[in-house]
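Reproduced below: final.cif, with mmCIF, N, CA and C atoms.
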```cif
data_entry
#
loop_
_atom_site.label_atom_id
_atom_site.label_comp_id
_atom_site.auth_asym_id
_atom_site.auth_seq_id
_atom_site.Cartn_x
_atom_site.Cartn_y
_atom_site.Cartn_z
N MET A 1 104.99 89.12 82.35
CA MET A 1 105.65 88.58 81.17
C MET A 1 104.61 87.89 80.31
N THR A 2 104.75 88.05 79.01
CA THR A 2 103.83 87.39 78.08
C THR A 2 104.12 85.90 78.05
N ASN A 3 103.39 85.14 77.28
CA ASN A 3 103.43 83.67 77.33
C ASN A 3 104.60 83.07 76.53
N PHE A 4 105.82 83.34 76.95
CA PHE A 4 107.00 82.80 76.29
C PHE A 4 107.34 81.42 76.83
N GLN A 5 107.83 80.58 75.95
CA GLN A 5 108.36 79.26 76.31
C GLN A 5 109.62 79.04 75.50
N PHE A 6 110.50 78.17 76.03
CA PHE A 6 111.69 77.83 75.26
C PHE A 6 111.34 76.67 74.34
N TYR A 7 111.54 76.87 73.04
CA TYR A 7 111.16 75.86 72.05
C TYR A 7 112.39 75.29 71.34
N THR A 8 112.24 74.02 70.97
CA THR A 8 113.19 73.36 70.08
C THR A 8 112.39 72.79 68.91
N TYR A 9 113.10 72.40 67.86
CA TYR A 9 112.43 71.85 66.68
C TYR A 9 113.42 70.94 65.97
N GLU A 10 112.91 69.87 65.40
CA GLU A 10 113.74 68.94 64.65
C GLU A 10 113.99 69.49 63.25
N LEU A 11 115.25 69.81 62.97
CA LEU A 11 115.65 70.32 61.65
C LEU A 11 116.72 69.42 61.07
N PRO A 12 116.94 69.48 59.76
CA PRO A 12 117.97 68.64 59.16
C PRO A 12 119.34 68.90 59.78
N CYS A 13 120.10 67.83 59.92
CA CYS A 13 121.47 67.92 60.43
C CYS A 13 122.29 68.83 59.52
N PHE A 14 123.09 69.69 60.13
CA PHE A 14 123.92 70.59 59.34
C PHE A 14 124.97 69.84 58.54
N ASN A 15 125.46 68.74 59.08
CA ASN A 15 126.55 68.01 58.44
C ASN A 15 126.06 67.08 57.33
N CYS A 16 125.16 66.14 57.67
CA CYS A 16 124.75 65.14 56.67
C CYS A 16 123.50 65.55 55.89
N HIS A 17 122.70 66.46 56.44
CA HIS A 17 121.48 66.98 55.80
C HIS A 17 120.38 65.92 55.68
N ILE A 18 120.61 64.74 56.24
CA ILE A 18 119.64 63.65 56.09
C ILE A 18 118.88 63.43 57.38
N LYS A 19 119.61 63.18 58.44
CA LYS A 19 118.98 62.93 59.73
C LYS A 19 118.54 64.27 60.34
N LYS A 20 117.69 64.16 61.35
CA LYS A 20 117.20 65.36 62.03
C LYS A 20 118.00 65.58 63.31
N ALA A 21 118.08 66.81 63.72
CA ALA A 21 118.76 67.18 64.96
C ALA A 21 117.89 68.18 65.72
N LYS A 22 117.84 68.00 67.02
CA LYS A 22 117.09 68.92 67.88
C LYS A 22 117.79 70.28 67.85
N THR A 23 117.05 71.29 67.46
CA THR A 23 117.61 72.63 67.26
C THR A 23 116.85 73.62 68.13
N ASP A 24 117.59 74.45 68.85
CA ASP A 24 116.98 75.47 69.70
C ASP A 24 116.40 76.59 68.84
N LEU A 25 115.14 76.90 69.09
CA LEU A 25 114.51 78.05 68.44
C LEU A 25 114.61 79.28 69.32
N GLY A 26 114.75 79.07 70.62
CA GLY A 26 114.83 80.17 71.58
C GLY A 26 113.52 80.36 72.32
N TRP A 27 113.46 81.44 73.07
CA TRP A 27 112.26 81.81 73.82
C TRP A 27 111.31 82.54 72.89
N LEU A 28 110.14 81.94 72.69
CA LEU A 28 109.14 82.49 71.77
C LEU A 28 107.75 82.32 72.36
N THR A 29 106.80 83.08 71.84
CA THR A 29 105.39 82.83 72.15
C THR A 29 104.94 81.72 71.20
N PRO A 30 103.80 81.07 71.48
CA PRO A 30 103.31 80.04 70.55
C PRO A 30 103.11 80.59 69.13
N ALA A 31 102.62 81.81 69.01
CA ALA A 31 102.41 82.40 67.67
C ALA A 31 103.75 82.64 66.97
N MET A 32 104.75 83.12 67.71
CA MET A 32 106.08 83.32 67.13
C MET A 32 106.66 82.00 66.66
N LYS A 33 106.49 80.96 67.49
CA LYS A 33 107.02 79.64 67.13
C LYS A 33 106.41 79.17 65.81
N ALA A 34 105.11 79.26 65.69
CA ALA A 34 104.44 78.82 64.46
C ALA A 34 104.96 79.60 63.26
N ASP A 35 105.13 80.91 63.42
CA ASP A 35 105.63 81.74 62.33
C ASP A 35 107.07 81.38 61.97
N VAL A 36 107.91 81.15 62.98
CA VAL A 36 109.31 80.77 62.75
C VAL A 36 109.39 79.44 62.00
N ILE A 37 108.59 78.47 62.42
CA ILE A 37 108.60 77.16 61.76
C ILE A 37 108.15 77.30 60.31
N ASP A 38 107.11 78.11 60.07
CA ASP A 38 106.67 78.35 58.69
C ASP A 38 107.79 78.95 57.85
N GLN A 39 108.50 79.93 58.41
CA GLN A 39 109.61 80.56 57.68
C GLN A 39 110.72 79.56 57.38
N ILE A 40 111.06 78.73 58.37
CA ILE A 40 112.12 77.73 58.19
C ILE A 40 111.72 76.71 57.14
N GLU A 41 110.49 76.22 57.21
CA GLU A 41 110.04 75.22 56.24
C GLU A 41 110.08 75.79 54.82
N LEU A 42 109.69 77.04 54.66
CA LEU A 42 109.75 77.69 53.35
C LEU A 42 111.21 77.80 52.88
N MET A 43 112.11 78.19 53.77
CA MET A 43 113.52 78.30 53.40
C MET A 43 114.10 76.94 53.02
N LEU A 44 113.71 75.90 53.74
CA LEU A 44 114.20 74.55 53.41
C LEU A 44 113.76 74.15 52.01
N LYS A 45 112.52 74.45 51.66
CA LYS A 45 112.03 74.13 50.32
C LYS A 45 112.77 74.93 49.25
N GLN A 46 113.02 76.20 49.52
CA GLN A 46 113.69 77.06 48.55
C GLN A 46 115.17 76.72 48.39
N ARG A 47 115.81 76.33 49.47
CA ARG A 47 117.25 76.06 49.42
C ARG A 47 117.59 74.71 48.81
N GLY A 48 116.68 73.77 48.92
CA GLY A 48 116.99 72.43 48.44
C GLY A 48 118.12 71.84 49.26
N SER A 49 119.21 71.48 48.62
CA SER A 49 120.33 70.86 49.33
C SER A 49 121.43 71.85 49.69
N VAL A 50 121.18 73.13 49.50
CA VAL A 50 122.17 74.15 49.85
C VAL A 50 121.91 74.58 51.30
N TYR A 51 122.86 74.29 52.18
CA TYR A 51 122.67 74.58 53.59
C TYR A 51 123.66 75.62 54.08
N GLU A 52 123.13 76.56 54.82
CA GLU A 52 123.93 77.53 55.56
C GLU A 52 123.96 77.03 57.01
N PRO A 53 124.87 77.53 57.82
CA PRO A 53 124.92 77.05 59.21
C PRO A 53 123.77 77.56 60.08
N TYR A 54 122.99 78.49 59.57
CA TYR A 54 121.89 79.03 60.36
C TYR A 54 120.79 79.56 59.43
N PHE A 55 119.64 79.76 60.03
CA PHE A 55 118.52 80.43 59.36
C PHE A 55 118.33 81.78 60.03
N THR A 56 118.07 82.80 59.26
CA THR A 56 117.69 84.09 59.83
C THR A 56 116.20 84.26 59.57
N VAL A 57 115.45 84.32 60.66
CA VAL A 57 113.99 84.46 60.57
C VAL A 57 113.59 85.82 61.11
N LYS A 58 112.40 86.24 60.77
CA LYS A 58 111.85 87.50 61.26
C LYS A 58 110.93 87.21 62.44
N ILE A 59 111.14 87.93 63.52
CA ILE A 59 110.26 87.87 64.68
C ILE A 59 109.42 89.14 64.66
N ILE A 60 108.11 88.97 64.59
CA ILE A 60 107.19 90.11 64.56
C ILE A 60 106.42 90.08 65.87
N CYS A 61 106.48 91.18 66.61
CA CYS A 61 105.87 91.16 67.94
C CYS A 61 105.43 92.56 68.37
N SER A 62 104.68 92.56 69.46
CA SER A 62 104.26 93.83 70.07
C SER A 62 105.43 94.40 70.87
N GLU A 63 105.28 95.61 71.33
CA GLU A 63 106.33 96.25 72.13
C GLU A 63 106.60 95.47 73.41
N ASP A 64 105.54 95.03 74.10
CA ASP A 64 105.72 94.26 75.34
C ASP A 64 106.41 92.93 75.06
N GLU A 65 105.98 92.25 73.99
CA GLU A 65 106.62 90.99 73.62
C GLU A 65 108.09 91.21 73.25
N ALA A 66 108.38 92.32 72.60
CA ALA A 66 109.75 92.62 72.19
C ALA A 66 110.66 92.73 73.41
N LYS A 67 110.19 93.37 74.47
CA LYS A 67 111.00 93.49 75.69
C LYS A 67 111.33 92.12 76.25
N ASP A 68 110.32 91.28 76.39
CA ASP A 68 110.55 89.94 76.93
C ASP A 68 111.43 89.11 75.99
N PHE A 69 111.19 89.21 74.69
CA PHE A 69 111.98 88.48 73.70
C PHE A 69 113.46 88.82 73.84
N LEU A 70 113.77 90.10 73.92
CA LEU A 70 115.17 90.52 74.04
C LEU A 70 115.77 90.11 75.38
N LEU A 71 115.03 90.29 76.46
CA LEU A 71 115.54 89.92 77.77
C LEU A 71 115.84 88.43 77.85
N LEU A 72 114.97 87.61 77.31
CA LEU A 72 115.14 86.16 77.39
C LEU A 72 116.20 85.64 76.42
N ASN A 73 116.19 86.12 75.20
CA ASN A 73 117.06 85.56 74.17
C ASN A 73 118.43 86.22 74.06
N TYR A 74 118.52 87.50 74.34
CA TYR A 74 119.78 88.20 74.09
C TYR A 74 120.45 88.74 75.35
N TYR A 75 119.70 88.91 76.41
CA TYR A 75 120.28 89.39 77.66
C TYR A 75 120.31 88.29 78.72
N ASP A 76 119.86 87.09 78.35
CA ASP A 76 119.91 85.90 79.22
C ASP A 76 119.29 86.11 80.60
N HIS A 77 118.21 86.85 80.65
CA HIS A 77 117.49 86.98 81.92
C HIS A 77 116.50 85.84 82.05
N SER A 78 116.24 85.45 83.29
CA SER A 78 115.29 84.38 83.55
C SER A 78 113.87 84.95 83.62
N GLU A 79 112.91 84.04 83.54
CA GLU A 79 111.51 84.45 83.69
C GLU A 79 111.30 85.11 85.05
N SER A 80 111.92 84.55 86.08
CA SER A 80 111.78 85.09 87.43
C SER A 80 112.31 86.53 87.51
N GLU A 81 113.46 86.77 86.92
CA GLU A 81 114.02 88.13 86.93
C GLU A 81 113.09 89.11 86.22
N ILE A 82 112.52 88.67 85.12
CA ILE A 82 111.60 89.54 84.37
C ILE A 82 110.33 89.80 85.18
N ASN A 83 109.76 88.72 85.74
CA ASN A 83 108.52 88.86 86.51
C ASN A 83 108.68 89.71 87.76
N HIS A 84 109.88 89.71 88.34
CA HIS A 84 110.12 90.48 89.56
C HIS A 84 110.79 91.83 89.29
N GLY A 85 110.96 92.16 88.02
CA GLY A 85 111.51 93.47 87.68
C GLY A 85 112.98 93.63 88.03
N ASN A 86 113.72 92.52 88.12
CA ASN A 86 115.14 92.59 88.48
C ASN A 86 116.01 92.82 87.25
N ILE A 87 115.78 93.93 86.59
CA ILE A 87 116.51 94.26 85.37
C ILE A 87 117.21 95.61 85.59
N LYS A 88 118.49 95.66 85.24
CA LYS A 88 119.25 96.91 85.41
C LYS A 88 118.67 98.00 84.50
N PRO A 89 118.65 99.23 84.99
CA PRO A 89 118.15 100.35 84.17
C PRO A 89 118.90 100.50 82.85
N THR A 90 120.20 100.20 82.83
CA THR A 90 120.95 100.32 81.58
C THR A 90 120.47 99.30 80.55
N VAL A 91 120.09 98.11 81.02
CA VAL A 91 119.57 97.09 80.11
C VAL A 91 118.22 97.54 79.55
N ILE A 92 117.38 98.08 80.42
CA ILE A 92 116.06 98.58 79.98
C ILE A 92 116.26 99.68 78.94
N ALA A 93 117.21 100.57 79.16
CA ALA A 93 117.47 101.65 78.20
C ALA A 93 117.94 101.08 76.86
N ASP A 94 118.84 100.08 76.91
CA ASP A 94 119.31 99.44 75.67
C ASP A 94 118.15 98.80 74.92
N ILE A 95 117.29 98.11 75.65
CA ILE A 95 116.15 97.43 75.03
C ILE A 95 115.19 98.45 74.43
N ASP A 96 114.92 99.52 75.15
CA ASP A 96 114.04 100.57 74.61
C ASP A 96 114.61 101.14 73.32
N ASP A 97 115.93 101.33 73.28
CA ASP A 97 116.57 101.83 72.05
C ASP A 97 116.40 100.84 70.90
N GLN A 98 116.62 99.55 71.19
CA GLN A 98 116.47 98.53 70.14
C GLN A 98 115.04 98.46 69.62
N ILE A 99 114.10 98.56 70.53
CA ILE A 99 112.69 98.50 70.13
C ILE A 99 112.35 99.70 69.25
N SER A 100 112.79 100.87 69.64
CA SER A 100 112.48 102.06 68.82
C SER A 100 113.14 101.96 67.44
N GLU A 101 114.32 101.34 67.36
CA GLU A 101 115.00 101.17 66.07
C GLU A 101 114.25 100.20 65.15
N HIS A 102 113.59 99.21 65.75
CA HIS A 102 112.94 98.16 64.97
C HIS A 102 111.42 98.29 64.89
N MET A 103 110.87 99.37 65.44
CA MET A 103 109.43 99.60 65.41
C MET A 103 109.01 100.06 64.02
N THR A 104 107.94 99.46 63.52
CA THR A 104 107.42 99.84 62.21
C THR A 104 106.35 100.92 62.37
N VAL A 105 105.94 101.52 61.27
CA VAL A 105 104.88 102.52 61.32
C VAL A 105 103.55 101.89 61.75
N GLU A 106 103.43 100.58 61.56
CA GLU A 106 102.21 99.87 61.97
C GLU A 106 102.18 99.61 63.48
N GLY A 107 103.28 99.91 64.17
CA GLY A 107 103.32 99.72 65.62
C GLY A 107 103.76 98.34 66.07
N VAL A 108 104.34 97.57 65.17
CA VAL A 108 104.90 96.28 65.56
C VAL A 108 106.42 96.36 65.49
N VAL A 109 107.06 95.45 66.20
CA VAL A 109 108.51 95.40 66.24
C VAL A 109 108.96 94.18 65.44
N ILE A 110 109.96 94.36 64.58
CA ILE A 110 110.47 93.26 63.76
C ILE A 110 111.96 93.11 64.02
N PHE A 111 112.33 91.91 64.48
CA PHE A 111 113.74 91.58 64.72
C PHE A 111 114.17 90.45 63.81
N ASN A 112 115.45 90.42 63.45
CA ASN A 112 116.05 89.24 62.85
C ASN A 112 116.50 88.34 63.99
N HIS A 113 116.27 87.04 63.82
CA HIS A 113 116.61 86.05 64.86
C HIS A 113 117.27 84.87 64.17
N GLU A 114 118.44 84.49 64.63
CA GLU A 114 119.16 83.39 64.00
C GLU A 114 118.89 82.07 64.71
N ILE A 115 118.62 81.05 63.89
CA ILE A 115 118.44 79.68 64.36
C ILE A 115 119.64 78.91 63.82
N VAL A 116 120.48 78.40 64.71
CA VAL A 116 121.71 77.71 64.31
C VAL A 116 121.43 76.22 64.17
N LEU A 117 121.74 75.69 62.99
CA LEU A 117 121.56 74.26 62.75
C LEU A 117 122.56 73.46 63.58
N GLN A 118 122.16 72.25 63.97
CA GLN A 118 122.99 71.38 64.79
C GLN A 118 123.34 70.12 64.01
N ASN A 119 124.31 69.37 64.51
CA ASN A 119 124.63 68.07 63.95
C ASN A 119 123.80 67.00 64.64
N CYS A 120 123.40 65.99 63.89
CA CYS A 120 122.67 64.86 64.47
C CYS A 120 123.64 64.06 65.36
N ASP A 121 123.09 63.13 66.15
CA ASP A 121 123.92 62.33 67.05
C ASP A 121 125.01 61.58 66.31
N GLU A 122 124.66 61.02 65.16
CA GLU A 122 125.63 60.24 64.39
C GLU A 122 126.79 61.11 63.91
N CYS A 123 126.49 62.26 63.37
CA CYS A 123 127.55 63.16 62.89
C CYS A 123 128.36 63.73 64.05
N SER A 124 127.71 63.98 65.18
CA SER A 124 128.42 64.49 66.35
C SER A 124 129.44 63.48 66.83
N GLN A 125 129.08 62.19 66.80
CA GLN A 125 130.02 61.14 67.22
C GLN A 125 131.20 61.07 66.27
N GLU A 126 130.95 61.20 64.97
CA GLU A 126 132.04 61.17 63.99
C GLU A 126 133.00 62.33 64.20
N ILE A 127 132.48 63.48 64.53
CA ILE A 127 133.31 64.66 64.75
C ILE A 127 134.17 64.49 66.01
N ASP A 128 133.58 63.85 67.05
CA ASP A 128 134.30 63.65 68.31
C ASP A 128 135.45 62.65 68.18
N GLU A 129 135.39 61.78 67.19
CA GLU A 129 136.41 60.73 67.06
C GLU A 129 137.70 61.23 66.52
#
```
Would you give me this structure, written as structure tokens?
Amino acid sequence: MTNFQFYTYELPCFNCHIKKAKTDLGWLTPAMKADVIDQIELMLKQRGSVYEPYFTVKIICSEDEAKDFLLLNYYDHSESEINHGNIKPTVIADIDDQISEHMTVEGVVIFNHEIVLQNCDECSQEIDE
């Protein structure tokens, strides 16, 4: 398995837009994380105070990274399952199909990946009341 880690990032609260909230970015490589953060920061500047409930970012990766990315983020497999090859053949076939659909002529794979904004602690408490 390539060097994936589960990352979070402090993004503006979806509700108040002022405070920050810990937001899951998902399983990414360090390079993917940096690229995702750059994309989000650019979108924040462009949107101003207009907030959607999520950001759609582009994940650009190699074929091997694409397999791990999909297994970790969309098929909910653990690192251990990936490292030990405990993946059903049907899942591998689905992943191979997705990779071939998203492969560019340059030989990289590009996926859309959604980052869902969260509410800050203060707004979460107000909602619970």
Residue IDs satisfying the PyMOL selection byres (((chain A and resi 64-70 and name CA) around 10) and name CA), as a ChimeraX atom specification:
/A:1-4,26-29,59-63,71-79,82-83,91-92,94-96,98-99,102-103,108-111
Once you have the residues from the selection above, write them out as a CSV table (one decimal), keeping the file's coordinate frame, restricted to N, CA and C atoms.
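Output (selection-v5.csv):
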```csv
chain,number,residue,atom,x,y,z
A,1,MET,N,105.0,89.1,82.4
A,1,MET,CA,105.6,88.6,81.2
A,1,MET,C,104.6,87.9,80.3
A,2,THR,N,104.8,88.0,79.0
A,2,THR,CA,103.8,87.4,78.1
A,2,THR,C,104.1,85.9,78.0
A,3,ASN,N,103.4,85.1,77.3
A,3,ASN,CA,103.4,83.7,77.3
A,3,ASN,C,104.6,83.1,76.5
A,4,PHE,N,105.8,83.3,77.0
A,4,PHE,CA,107.0,82.8,76.3
A,4,PHE,C,107.3,81.4,76.8
A,26,GLY,N,114.8,79.1,70.6
A,26,GLY,CA,114.8,80.2,71.6
A,26,GLY,C,113.5,80.4,72.3
A,27,TRP,N,113.5,81.4,73.1
A,27,TRP,CA,112.3,81.8,73.8
A,27,TRP,C,111.3,82.5,72.9
A,28,LEU,N,110.1,81.9,72.7
A,28,LEU,CA,109.1,82.5,71.8
A,28,LEU,C,107.8,82.3,72.4
A,29,THR,N,106.8,83.1,71.8
A,29,THR,CA,105.4,82.8,72.2
A,29,THR,C,104.9,81.7,71.2
A,59,ILE,N,111.1,87.9,63.5
A,59,ILE,CA,110.3,87.9,64.7
A,59,ILE,C,109.4,89.1,64.7
A,60,ILE,N,108.1,89.0,64.6
A,60,ILE,CA,107.2,90.1,64.6
A,60,ILE,C,106.4,90.1,65.9
A,61,CYS,N,106.5,91.2,66.6
A,61,CYS,CA,105.9,91.2,67.9
A,61,CYS,C,105.4,92.6,68.4
A,62,SER,N,104.7,92.6,69.5
A,62,SER,CA,104.3,93.8,70.1
A,62,SER,C,105.4,94.4,70.9
A,63,GLU,N,105.3,95.6,71.3
A,63,GLU,CA,106.3,96.2,72.1
A,63,GLU,C,106.6,95.5,73.4
A,71,LEU,N,115.0,90.3,76.5
A,71,LEU,CA,115.5,89.9,77.8
A,71,LEU,C,115.8,88.4,77.8
A,72,LEU,N,115.0,87.6,77.3
A,72,LEU,CA,115.1,86.2,77.4
A,72,LEU,C,116.2,85.6,76.4
A,73,ASN,N,116.2,86.1,75.2
A,73,ASN,CA,117.1,85.6,74.2
A,73,ASN,C,118.4,86.2,74.1
A,74,TYR,N,118.5,87.5,74.3
A,74,TYR,CA,119.8,88.2,74.1
A,74,TYR,C,120.4,88.7,75.4
A,75,TYR,N,119.7,88.9,76.4
A,75,TYR,CA,120.3,89.4,77.7
A,75,TYR,C,120.3,88.3,78.7
A,76,ASP,N,119.9,87.1,78.4
A,76,ASP,CA,119.9,85.9,79.2
A,76,ASP,C,119.3,86.1,80.6
A,77,HIS,N,118.2,86.8,80.6
A,77,HIS,CA,117.5,87.0,81.9
A,77,HIS,C,116.5,85.8,82.0
A,78,SER,N,116.2,85.4,83.3
A,78,SER,CA,115.3,84.4,83.6
A,78,SER,C,113.9,85.0,83.6
A,79,GLU,N,112.9,84.0,83.5
A,79,GLU,CA,111.5,84.4,83.7
A,79,GLU,C,111.3,85.1,85.0
A,82,ILE,N,112.5,88.7,85.1
A,82,ILE,CA,111.6,89.5,84.4
A,82,ILE,C,110.3,89.8,85.2
A,83,ASN,N,109.8,88.7,85.7
A,83,ASN,CA,108.5,88.9,86.5
A,83,ASN,C,108.7,89.7,87.8
A,91,VAL,N,120.1,98.1,81.0
A,91,VAL,CA,119.6,97.1,80.1
A,91,VAL,C,118.2,97.5,79.6
A,92,ILE,N,117.4,98.1,80.4
A,92,ILE,CA,116.1,98.6,80.0
A,92,ILE,C,116.3,99.7,78.9
A,94,ASP,N,118.8,100.1,76.9
A,94,ASP,CA,119.3,99.4,75.7
A,94,ASP,C,118.2,98.8,74.9
A,95,ILE,N,117.3,98.1,75.6
A,95,ILE,CA,116.2,97.4,75.0
A,95,ILE,C,115.2,98.4,74.4
A,96,ASP,N,114.9,99.5,75.2
A,96,ASP,CA,114.0,100.6,74.6
A,96,ASP,C,114.6,101.1,73.3
A,98,GLN,N,116.6,99.6,71.2
A,98,GLN,CA,116.5,98.5,70.1
A,98,GLN,C,115.0,98.5,69.6
A,99,ILE,N,114.1,98.6,70.5
A,99,ILE,CA,112.7,98.5,70.1
A,99,ILE,C,112.4,99.7,69.2
A,102,HIS,N,113.6,99.2,65.8
A,102,HIS,CA,112.9,98.2,65.0
A,102,HIS,C,111.4,98.3,64.9
A,103,MET,N,110.9,99.4,65.4
A,103,MET,CA,109.4,99.6,65.4
A,103,MET,C,109.0,100.1,64.0
A,108,VAL,N,104.3,97.6,65.2
A,108,VAL,CA,104.9,96.3,65.6
A,108,VAL,C,106.4,96.4,65.5
A,109,VAL,N,107.1,95.4,66.2
A,109,VAL,CA,108.5,95.4,66.2
A,109,VAL,C,109.0,94.2,65.4
A,110,ILE,N,110.0,94.4,64.6
A,110,ILE,CA,110.5,93.3,63.8
A,110,ILE,C,112.0,93.1,64.0
A,111,PHE,N,112.3,91.9,64.5
A,111,PHE,CA,113.7,91.6,64.7
A,111,PHE,C,114.2,90.4,63.8
```
I need the residues of chain A that end up classed as strand (DSSP E or B) by DSSP on the backbone, written out as a ChimeraX atom specification.
/A:5-12,20-28,54-61,103,109-116
Just asking: which residues within chain A are alpha helix (DSSP H) according to DSSP, as a PyMOL selection string?
chain A and resi 30-47+63-73+79-83+89-102+121-128
So how many Å separate atom C of Pro89 in chain A and atom N of Asn112 in chain A, to one decimal?
22.1 Å
Taking all atoms of range 64-83 of chain A that the file lists, what box with edges along x, y and z, padded by 6 Å per side, do you get, with centre and edge lengths in Å to one decimal, as AutoDock Vina command-line options?
```
--center_x 113.0 --center_y 89.5 --center_z 80.0 --size_x 26.9 --size_y 23.0 --size_z 27.6
```
Result set of the PyMOL selection byres ((chain A and resi 13) around 8) on the coordinates above, as a CSV table (one decimal) with N, CA and C atoms, in the coordinates of the input:
```csv
chain,number,residue,atom,x,y,z
A,10,GLU,N,112.9,69.9,65.4
A,10,GLU,CA,113.7,68.9,64.6
A,10,GLU,C,114.0,69.5,63.2
A,11,LEU,N,115.2,69.8,63.0
A,11,LEU,CA,115.6,70.3,61.6
A,11,LEU,C,116.7,69.4,61.1
A,12,PRO,N,116.9,69.5,59.8
A,12,PRO,CA,118.0,68.6,59.2
A,12,PRO,C,119.3,68.9,59.8
A,14,PHE,N,123.1,69.7,60.1
A,14,PHE,CA,123.9,70.6,59.3
A,14,PHE,C,125.0,69.8,58.5
A,15,ASN,N,125.5,68.7,59.1
A,15,ASN,CA,126.6,68.0,58.4
A,15,ASN,C,126.1,67.1,57.3
A,16,CYS,N,125.2,66.1,57.7
A,16,CYS,CA,124.8,65.1,56.7
A,16,CYS,C,123.5,65.6,55.9
A,17,HIS,N,122.7,66.5,56.4
A,17,HIS,CA,121.5,67.0,55.8
A,17,HIS,C,120.4,65.9,55.7
A,18,ILE,N,120.6,64.7,56.2
A,18,ILE,CA,119.6,63.6,56.1
A,18,ILE,C,118.9,63.4,57.4
A,19,LYS,N,119.6,63.2,58.4
A,19,LYS,CA,119.0,62.9,59.7
A,19,LYS,C,118.5,64.3,60.3
A,20,LYS,N,117.7,64.2,61.4
A,20,LYS,CA,117.2,65.4,62.0
A,20,LYS,C,118.0,65.6,63.3
A,21,ALA,N,118.1,66.8,63.7
A,21,ALA,CA,118.8,67.2,65.0
A,21,ALA,C,117.9,68.2,65.7
A,22,LYS,N,117.8,68.0,67.0
A,22,LYS,CA,117.1,68.9,67.9
A,22,LYS,C,117.8,70.3,67.8
A,117,LEU,N,121.7,75.7,63.0
A,117,LEU,CA,121.6,74.3,62.8
A,117,LEU,C,122.6,73.5,63.6
A,118,GLN,N,122.2,72.2,64.0
A,118,GLN,CA,123.0,71.4,64.8
A,118,GLN,C,123.3,70.1,64.0
A,119,ASN,N,124.3,69.4,64.5
A,119,ASN,CA,124.6,68.1,64.0
A,119,ASN,C,123.8,67.0,64.6
A,120,CYS,N,123.4,66.0,63.9
A,120,CYS,CA,122.7,64.9,64.5
A,120,CYS,C,123.6,64.1,65.4
A,121,ASP,N,123.1,63.1,66.2
A,121,ASP,CA,123.9,62.3,67.0
A,121,ASP,C,125.0,61.6,66.3
```
Looking at A:Asp24, A:Asp35, A:Glu41, A:Glu81, which one is nearest to Glu114 in chain A, with distances taken over all atoms listed in the file?
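Closest to Glu114 in chain A, using all atoms listed in the file: A:Asp24.
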Of the residues A:Ile37, A:Val57, A:Leu42, A:Ile87, which is the one nearest to His113 in chain A, using all atoms listed in the file?
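Smallest distance to His113 in chain A is found for A:Val57.
Atom pair CA of Ala93 in chain A / atom C of Ala34 in chain A has a distance of 29.4 Å (rounded to one decimal).
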Of A:Ile115, A:Arg47, A:Gln125, A:Asp97, the one sitting nearest Lys33 in chain A when using only C-alpha atoms is A:Ile115
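When only N, CA and C atoms are used to compute distances to Lys58 in chain A, the closest of the residues A:Lys45, A:Met32, A:Thr8, A:Thr104 turns out to be A:Met32.
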Residue among A:Val116, A:Gln39, A:Cys123, A:Thr90 lying closest to Tyr54 in chain A, counting only N, CA and C atoms:
A:Val116
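What separates CA of Phe6 in chain A from CA of Ile40 in chain A is a distance of 17.1 Å.
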Looking at only N, CA and C atoms, which of A:Asp38, A:Glu106, A:Gln5, A:Glu101 is the one that sits closest to Leu25 in chain A?
A:Gln5
